[in-house]
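Coordinates from structure-v3.cif are shown below (mmCIF, C-alpha atoms).
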data_my_file
loop_
_atom_site.label_atom_id
_atom_site.label_comp_id
_atom_site.auth_asym_id
_atom_site.auth_seq_id
_atom_site.Cartn_x
_atom_site.Cartn_y
_atom_site.Cartn_z
CA MET A 1 -54.76 51.73 98.63
CA HIS A 2 -56.39 54.48 100.66
CA ARG A 3 -56.66 57.62 98.56
CA PRO A 4 -59.87 58.17 96.58
CA LEU A 5 -59.39 57.79 92.83
CA ASP A 6 -61.60 58.23 89.82
CA GLY A 7 -62.42 55.22 87.69
CA SER A 8 -59.68 55.46 85.08
CA THR A 9 -57.01 56.35 87.65
CA TRP A 10 -58.03 53.41 89.83
CA LEU A 11 -57.78 50.95 86.96
CA ASP A 12 -54.44 52.40 85.86
CA SER A 13 -53.20 52.04 89.45
CA ALA A 14 -54.22 48.37 89.54
CA ARG A 15 -52.37 47.72 86.30
CA ARG A 16 -49.32 49.56 87.64
CA VAL A 17 -49.25 47.55 90.86
CA GLU A 18 -49.24 44.35 88.80
CA GLU A 19 -46.58 45.72 86.44
CA LEU A 20 -44.27 46.51 89.38
CA GLY A 21 -44.39 42.90 90.52
CA TYR A 22 -46.55 43.13 93.63
CA SER A 23 -48.52 39.98 94.40
CA THR A 24 -51.66 41.53 95.88
CA LEU A 25 -53.65 44.75 95.78
CA PHE A 26 -55.39 45.54 99.06
CA VAL A 27 -57.97 48.21 99.82
CA PRO A 28 -59.28 49.24 103.25
CA ASP A 29 -62.86 48.78 104.43
CA HIS A 30 -63.78 52.09 106.06
CA PHE A 31 -66.38 54.82 105.58
CA GLY A 32 -63.92 57.59 104.74
CA ASP A 33 -63.11 59.21 101.41
CA GLN A 34 -62.15 56.07 99.50
CA LEU A 35 -63.63 53.63 97.03
CA ALA A 36 -66.01 50.93 98.27
CA PRO A 37 -63.95 47.74 98.46
CA LEU A 38 -65.98 45.08 96.68
CA THR A 39 -66.71 47.12 93.57
CA ALA A 40 -63.15 48.46 93.44
CA LEU A 41 -61.65 44.98 93.79
CA ALA A 42 -63.90 43.49 91.11
CA SER A 43 -62.88 46.20 88.64
CA ALA A 44 -59.18 45.79 89.51
CA ALA A 45 -59.41 42.05 88.95
CA ALA A 46 -61.04 42.64 85.57
CA VAL A 47 -58.08 44.65 84.22
CA THR A 48 -55.27 42.46 85.60
CA LYS A 49 -54.16 38.89 84.96
CA THR A 50 -52.02 37.71 87.88
CA LEU A 51 -52.66 40.26 90.64
CA ASN A 52 -54.46 38.98 93.72
CA VAL A 53 -57.05 41.30 95.26
CA GLY A 54 -58.44 41.69 98.75
CA ALA A 55 -59.43 44.00 101.58
CA LEU A 56 -57.14 44.61 104.52
CA VAL A 57 -59.52 43.81 106.07
CA PHE A 58 -63.28 43.55 105.74
CA ASP A 59 -65.01 44.56 108.98
CA ASN A 60 -67.31 41.75 110.06
CA ASP A 61 -69.79 44.24 111.53
CA TYR A 62 -70.49 46.10 108.29
CA ARG A 63 -72.12 43.19 106.41
CA HIS A 64 -74.01 40.07 107.38
CA PRO A 65 -71.55 37.17 106.92
CA LEU A 66 -73.93 35.37 104.56
CA VAL A 67 -73.97 38.44 102.31
CA LEU A 68 -70.20 38.83 102.49
CA ALA A 69 -69.67 35.13 101.77
CA LYS A 70 -71.70 35.41 98.58
CA GLU A 71 -69.91 38.60 97.51
CA ILE A 72 -66.48 37.05 98.06
CA ALA A 73 -67.44 33.82 96.29
CA THR A 74 -68.57 35.94 93.33
CA LEU A 75 -65.34 37.96 93.37
CA ASP A 76 -63.35 34.71 93.50
CA ALA A 77 -65.26 33.43 90.47
CA ILE A 78 -64.85 36.51 88.28
CA SER A 79 -61.16 36.83 89.21
CA ASN A 80 -60.54 33.12 88.58
CA GLY A 81 -59.38 32.46 92.13
CA ARG A 82 -57.32 35.61 92.76
CA VAL A 83 -58.90 36.64 96.08
CA GLU A 84 -57.25 36.87 99.48
CA PHE A 85 -59.99 37.23 102.06
CA GLY A 86 -59.11 39.44 105.00
CA LEU A 87 -61.64 39.66 107.83
CA GLY A 88 -61.50 41.42 111.18
CA ALA A 89 -63.59 42.30 114.21
CA GLY A 90 -63.56 46.07 113.55
CA TRP A 91 -61.56 48.75 115.30
CA MET A 92 -62.03 52.23 113.80
CA ARG A 93 -64.41 53.97 116.17
CA THR A 94 -65.21 56.79 113.71
CA ASP A 95 -66.71 54.28 111.27
CA TYR A 96 -69.16 53.14 113.91
CA VAL A 97 -70.02 56.70 114.91
CA GLU A 98 -70.65 57.75 111.30
CA SER A 99 -72.79 54.72 110.49
CA GLY A 100 -74.64 54.32 113.77
CA ILE A 101 -73.46 50.72 114.06
CA ALA A 102 -73.02 49.81 117.72
CA TYR A 103 -69.37 49.93 118.78
CA ASP A 104 -69.62 47.06 121.23
CA GLU A 105 -66.96 46.05 123.71
CA PRO A 106 -63.98 44.28 122.11
CA GLY A 107 -64.99 40.91 123.53
CA THR A 108 -68.43 41.11 121.92
CA ARG A 109 -67.04 42.23 118.57
CA VAL A 110 -64.49 39.41 118.62
CA GLU A 111 -67.11 36.79 119.47
CA ARG A 112 -69.35 38.06 116.67
CA PHE A 113 -66.38 37.99 114.28
CA MET A 114 -65.53 34.39 115.21
CA GLU A 115 -69.11 33.35 114.63
CA GLY A 116 -68.99 35.22 111.32
CA VAL A 117 -65.99 33.12 110.25
CA ASP A 118 -67.96 29.96 111.07
CA VAL A 119 -70.91 31.19 109.02
CA ILE A 120 -68.77 32.08 106.01
CA ARG A 121 -67.00 28.74 106.03
CA GLY A 122 -70.32 26.96 106.37
CA VAL A 123 -71.76 28.88 103.43
CA TRP A 124 -68.71 28.01 101.34
CA SER A 125 -69.07 24.28 102.01
CA GLY A 126 -71.31 23.92 98.97
CA GLU A 127 -73.84 22.01 101.04
CA PRO A 128 -77.19 23.19 102.42
CA PHE A 129 -76.33 25.19 105.52
CA ASP A 130 -78.15 26.06 108.73
CA HIS A 131 -76.76 27.99 111.67
CA ALA A 132 -78.28 29.05 114.96
CA GLY A 133 -75.78 31.07 116.95
CA THR A 134 -75.62 33.94 119.38
CA HIS A 135 -75.36 36.62 116.71
CA TYR A 136 -76.49 35.02 113.43
CA ARG A 137 -79.19 32.65 112.24
CA ILE A 138 -79.09 30.97 108.81
CA THR A 139 -81.92 28.76 107.59
CA ALA A 140 -81.67 26.31 104.68
CA HIS A 141 -79.12 28.28 102.67
CA SER A 142 -78.08 26.51 99.48
CA GLY A 143 -74.35 27.06 99.93
CA LEU A 144 -74.16 28.43 96.39
CA PRO A 145 -72.29 29.79 94.59
CA VAL A 146 -69.16 28.10 95.88
CA PRO A 147 -65.84 29.89 95.42
CA VAL A 148 -63.55 28.82 92.58
CA THR A 149 -60.85 28.22 95.18
CA ALA A 150 -61.56 24.92 96.93
CA GLY A 151 -62.72 25.63 100.48
CA GLY A 152 -62.72 29.35 99.79
CA PRO A 153 -60.00 31.97 99.30
CA ARG A 154 -57.07 32.12 101.67
CA LEU A 155 -58.23 33.61 104.96
CA LEU A 156 -56.24 36.53 106.37
CA ILE A 157 -56.92 37.46 109.98
CA GLY A 158 -55.09 40.30 111.65
CA GLY A 159 -54.91 41.25 115.29
CA GLY A 160 -52.80 42.53 118.12
CA SER A 161 -54.30 40.93 121.22
CA PRO A 162 -53.53 37.47 122.61
CA ARG A 163 -57.06 36.25 121.91
CA MET A 164 -57.14 37.39 118.29
CA LEU A 165 -53.64 36.21 117.45
CA ARG A 166 -54.14 32.78 119.02
CA TYR A 167 -57.42 32.46 117.12
CA ALA A 168 -55.73 33.58 113.90
CA GLY A 169 -52.96 31.07 114.46
CA ALA A 170 -55.51 28.29 114.80
CA ASN A 171 -57.72 29.32 111.88
CA ALA A 172 -56.08 31.62 109.32
CA ASP A 173 -53.90 30.95 106.31
CA ILE A 174 -52.30 34.39 106.66
CA VAL A 175 -51.90 36.12 110.03
CA GLY A 176 -51.49 39.88 110.16
CA VAL A 177 -49.48 40.72 113.27
CA ASN A 178 -50.65 44.20 114.22
CA PRO A 179 -50.32 46.67 117.07
CA SER A 180 -53.24 46.68 119.49
CA ILE A 181 -55.61 49.57 118.82
CA HIS A 182 -57.66 49.73 122.01
CA SER A 183 -58.56 53.39 121.52
CA GLY A 184 -60.12 52.85 118.12
CA ALA A 185 -57.42 55.00 116.47
CA ILE A 186 -53.74 54.69 115.52
CA ASP A 187 -51.96 56.62 118.27
CA ALA A 188 -48.75 56.64 120.30
CA ASP A 189 -49.83 53.57 122.27
CA ALA A 190 -50.29 51.66 119.02
CA ALA A 191 -46.86 52.79 117.81
CA ARG A 192 -45.23 51.57 121.01
CA ASP A 193 -47.05 48.26 120.64
CA ALA A 194 -45.35 47.77 117.26
CA ALA A 195 -41.87 47.65 118.84
CA ALA A 196 -39.68 44.63 118.16
CA ASP A 197 -39.97 43.16 121.66
CA ARG A 198 -43.77 43.41 121.48
CA PHE A 199 -43.64 41.73 118.08
CA ASP A 200 -41.70 38.84 119.65
CA ARG A 201 -44.55 38.32 122.09
CA LYS A 202 -47.25 38.60 119.44
CA VAL A 203 -45.64 36.00 117.18
CA GLY A 204 -45.48 33.79 120.27
CA TRP A 205 -49.26 34.04 120.64
CA VAL A 206 -49.67 33.03 117.00
CA ARG A 207 -47.44 30.00 117.65
CA GLU A 208 -49.51 29.03 120.67
CA GLY A 209 -52.69 29.07 118.63
CA ALA A 210 -51.19 27.39 115.60
CA GLY A 211 -49.42 24.49 117.23
CA ASP A 212 -48.20 22.05 114.59
CA ARG A 213 -49.61 24.14 111.73
CA PHE A 214 -47.41 27.19 112.40
CA ASP A 215 -45.06 26.44 109.50
CA ASP A 216 -48.04 26.41 107.12
CA ILE A 217 -49.07 29.96 108.08
CA GLU A 218 -47.83 33.07 106.31
CA LEU A 219 -47.07 35.97 108.66
CA ASN A 220 -48.07 39.39 107.40
CA VAL A 221 -47.10 42.89 108.51
CA LEU A 222 -48.46 46.25 107.35
CA VAL A 223 -45.67 48.83 106.99
CA PHE A 224 -46.91 52.19 108.25
CA PHE A 225 -43.87 54.16 107.08
CA ALA A 226 -41.49 53.34 104.22
CA SER A 227 -38.73 55.49 102.74
CA VAL A 228 -35.65 55.04 100.58
CA THR A 229 -32.91 57.17 102.15
CA ASP A 230 -29.14 57.28 102.61
CA ASP A 231 -29.57 58.46 106.21
CA ARG A 232 -31.49 55.87 108.22
CA ALA A 233 -30.42 57.30 111.56
CA GLY A 234 -31.46 60.82 110.62
CA LEU A 235 -34.81 59.64 109.33
CA ALA A 236 -35.41 57.63 112.51
CA ALA A 237 -34.64 60.68 114.64
CA GLY A 238 -37.16 62.69 112.65
CA VAL A 239 -39.88 60.04 112.62
CA ALA A 240 -39.64 58.97 116.27
CA PRO A 241 -41.39 62.05 117.73
CA MET A 242 -44.30 61.53 115.32
CA PHE A 243 -44.91 58.11 116.84
CA GLY A 244 -43.85 58.95 120.38
CA ILE A 245 -41.14 56.28 120.40
CA ASP A 246 -37.35 56.06 120.58
CA PRO A 247 -35.34 56.28 117.31
CA THR A 248 -33.93 52.82 118.01
CA ASP A 249 -37.45 51.41 118.00
CA VAL A 250 -38.09 53.07 114.62
CA LEU A 251 -35.20 51.14 113.09
CA THR A 252 -36.16 47.78 114.59
CA THR A 253 -39.95 47.70 114.34
CA PRO A 254 -41.21 45.73 111.33
CA ALA A 255 -43.84 48.47 110.84
CA VAL A 256 -41.18 50.91 109.56
CA VAL A 257 -38.95 50.26 106.54
CA ALA A 258 -36.19 52.76 105.78
CA GLY A 259 -32.73 52.99 104.28
CA THR A 260 -31.09 52.31 100.96
CA VAL A 261 -32.57 49.52 98.86
CA ASP A 262 -29.77 47.25 100.11
CA GLU A 263 -30.48 48.18 103.74
CA ILE A 264 -34.22 47.69 103.33
CA CYS A 265 -33.75 44.27 101.74
CA ALA A 266 -31.38 43.29 104.54
CA SER A 267 -33.82 44.43 107.24
CA LEU A 268 -36.70 42.51 105.65
CA GLU A 269 -34.53 39.40 105.53
CA VAL A 270 -33.74 39.90 109.23
CA ASN A 271 -37.47 40.12 109.96
CA ARG A 272 -38.07 36.95 108.00
CA ASP A 273 -35.34 35.08 109.86
CA ARG A 274 -36.32 36.41 113.30
CA TRP A 275 -40.11 36.19 113.09
CA GLY A 276 -40.98 34.36 109.89
CA VAL A 277 -42.53 37.45 108.29
CA SER A 278 -42.70 36.80 104.55
CA TYR A 279 -45.72 38.91 103.57
CA VAL A 280 -45.08 42.66 103.70
CA VAL A 281 -47.75 45.23 102.77
CA PHE A 282 -46.76 48.75 101.74
CA GLN A 283 -48.98 51.81 101.78
CA GLN A 284 -50.08 53.42 98.52
CA ASP A 285 -47.57 56.29 98.68
CA ALA A 286 -44.64 53.84 98.90
CA ILE A 287 -45.50 51.59 95.97
CA GLU A 288 -43.11 53.16 93.45
CA ALA A 289 -40.24 53.63 95.91
CA MET A 290 -40.45 50.04 97.14
CA ALA A 291 -40.62 48.51 93.65
CA PRO A 292 -36.85 47.73 93.55
CA VAL A 293 -37.22 45.93 96.88
CA VAL A 294 -40.13 43.89 95.54
CA GLU A 295 -38.16 43.02 92.41
CA ARG A 296 -35.20 41.81 94.45
CA LEU A 297 -37.04 39.86 97.16
CA SER A 298 -40.15 38.58 95.38
CA GLY A 299 -40.50 34.87 95.99
CA SER A 300 -37.55 34.72 98.39
#

As structure tokens:
Amino acid sequence: MHRPLDGSTWLDSARRVEELGYSTLFVPDHFGDQLAPLTALASAAAVTKTLNVGALVFDNDYRHPLVLAKEIATLDAISNGRVEFGLGAGWMRTDYVESGIAYDEPGTRVERFMEGVDVIRGVWSGEPFDHAGTHYRITAHSGLPVPVTAGGPRLLIGGGSPRMLRYAGANADIVGVNPSIHSGAIDADAARDAAADRFDRKVGWVREGAGDRFDDIELNVLVFFASVTDDRAGLAAGVAPMFGIDPTDVLTTPAVVAGTVDEICASLEVNRDRWGVSYVVFQQDAIEAMAPVVERLSGS
């Protein structure tokens, strides 16, 4: 969920997401006009019973990984194991400008992120932990508290580049297959990079990294545009100029979901059969419209 909400509205929204049958409530981790993720997720977990909670995704650069590990372990405890832990290397340039955090070259941010994953997993081992790396140093940390979930919550890593997707394939439980965002903003280049043929290539990079464990990974996609309509072709023709792509690409990219409920369900099943995508994330403004789709396909 992106839009800022007051306390009662936020809690009502969390309850509604659970009521509609969604498995997980995600919030972003940015410095814009939205609730801070950890506090928002803790409160959402407190008023729900089965709903998983997580950030899509935490930016590794905004918190020391030791601090984040402790926060997530605490959230896992108070939610009784209902956390999905998304972590990324950071991409939104405006966040870095606003905060004064150095927006390093992608390679540096990725290396720091990978080391951050190592630190978090080490902290969650439950054993005394030391680490002396390029970016972080940990000395005699107790490894406590440990998460309720053995080994820590499921790790979600998203990316669009070969390096990130191969790494995610080798290390994550859930892989978010995303467009590359080299500019630090979602633009026409990112939209073109979400096309079906690009998605073929990206899933291939995940396979290369995963090797024999590929079938154990859940593939995730964030839907940028979702609409229930009787005129898919007309909608695609209207949406395509917004993204700078061809209408055909609008109807075949997994980042756009449109049509009748039957057509949407069929397209999601095609995506599952073609790429193995079984974890679909809708934006806040589509939650009600997509509820019949969730009801029909949940668990399938």

Got a sec to check which residues sit within 10 Å of (-31.5, 50.6, 108.7), counting all atoms listed in the file, and write them as an NGL selection string? :A and (229-233 or 235-236 or 248 or 250-252 or 256-267)

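With distances taken over all atoms listed in the file, A:Val280 is the one residue among A:Leu56, A:Leu66, A:Ile217, A:Val280 lying closest to A:Leu268.
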
What does the structure give for the distance between atom CA of A:Asn80 and atom CA of A:Phe214, in Å to one decimal? 27.8 Å

Nearest residue to A:Phe225 from the set A:Asp212, A:Val175, A:Val281, A:Asn60 (distances using all atoms listed in the file): A:Val281

Picked residues, the PyMOL selection byres ((chain A and resi 28) around 9), as a list of chain:residue names: A:Met1, A:His2, A:Phe26, A:Val27, A:Asp29, A:His30, A:Gln34, A:Leu35, A:Ala36, A:Pro37, A:Gly54, A:Ala55, A:Leu56, A:Val57, A:Phe58

Applied to the shown file, which residues does the PyMOL selection byres ((chain A and resi 170) around 6) return, written as an MDAnalysis selection string? chainID A and resid 167:169 171 209:210

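The result of the PyMOL selection byres ((chain A and resi 97-108) around 10) on the shown file is Phe31, Gly32, Asp61, Tyr62, Ala89, Gly90, Trp91, Met92, Arg93, Thr94, Asp95, Tyr96, Arg109, Val110, Glu111, Arg112, Phe113, Met114, His135, Arg163, His182 and Gly184 of chain A.
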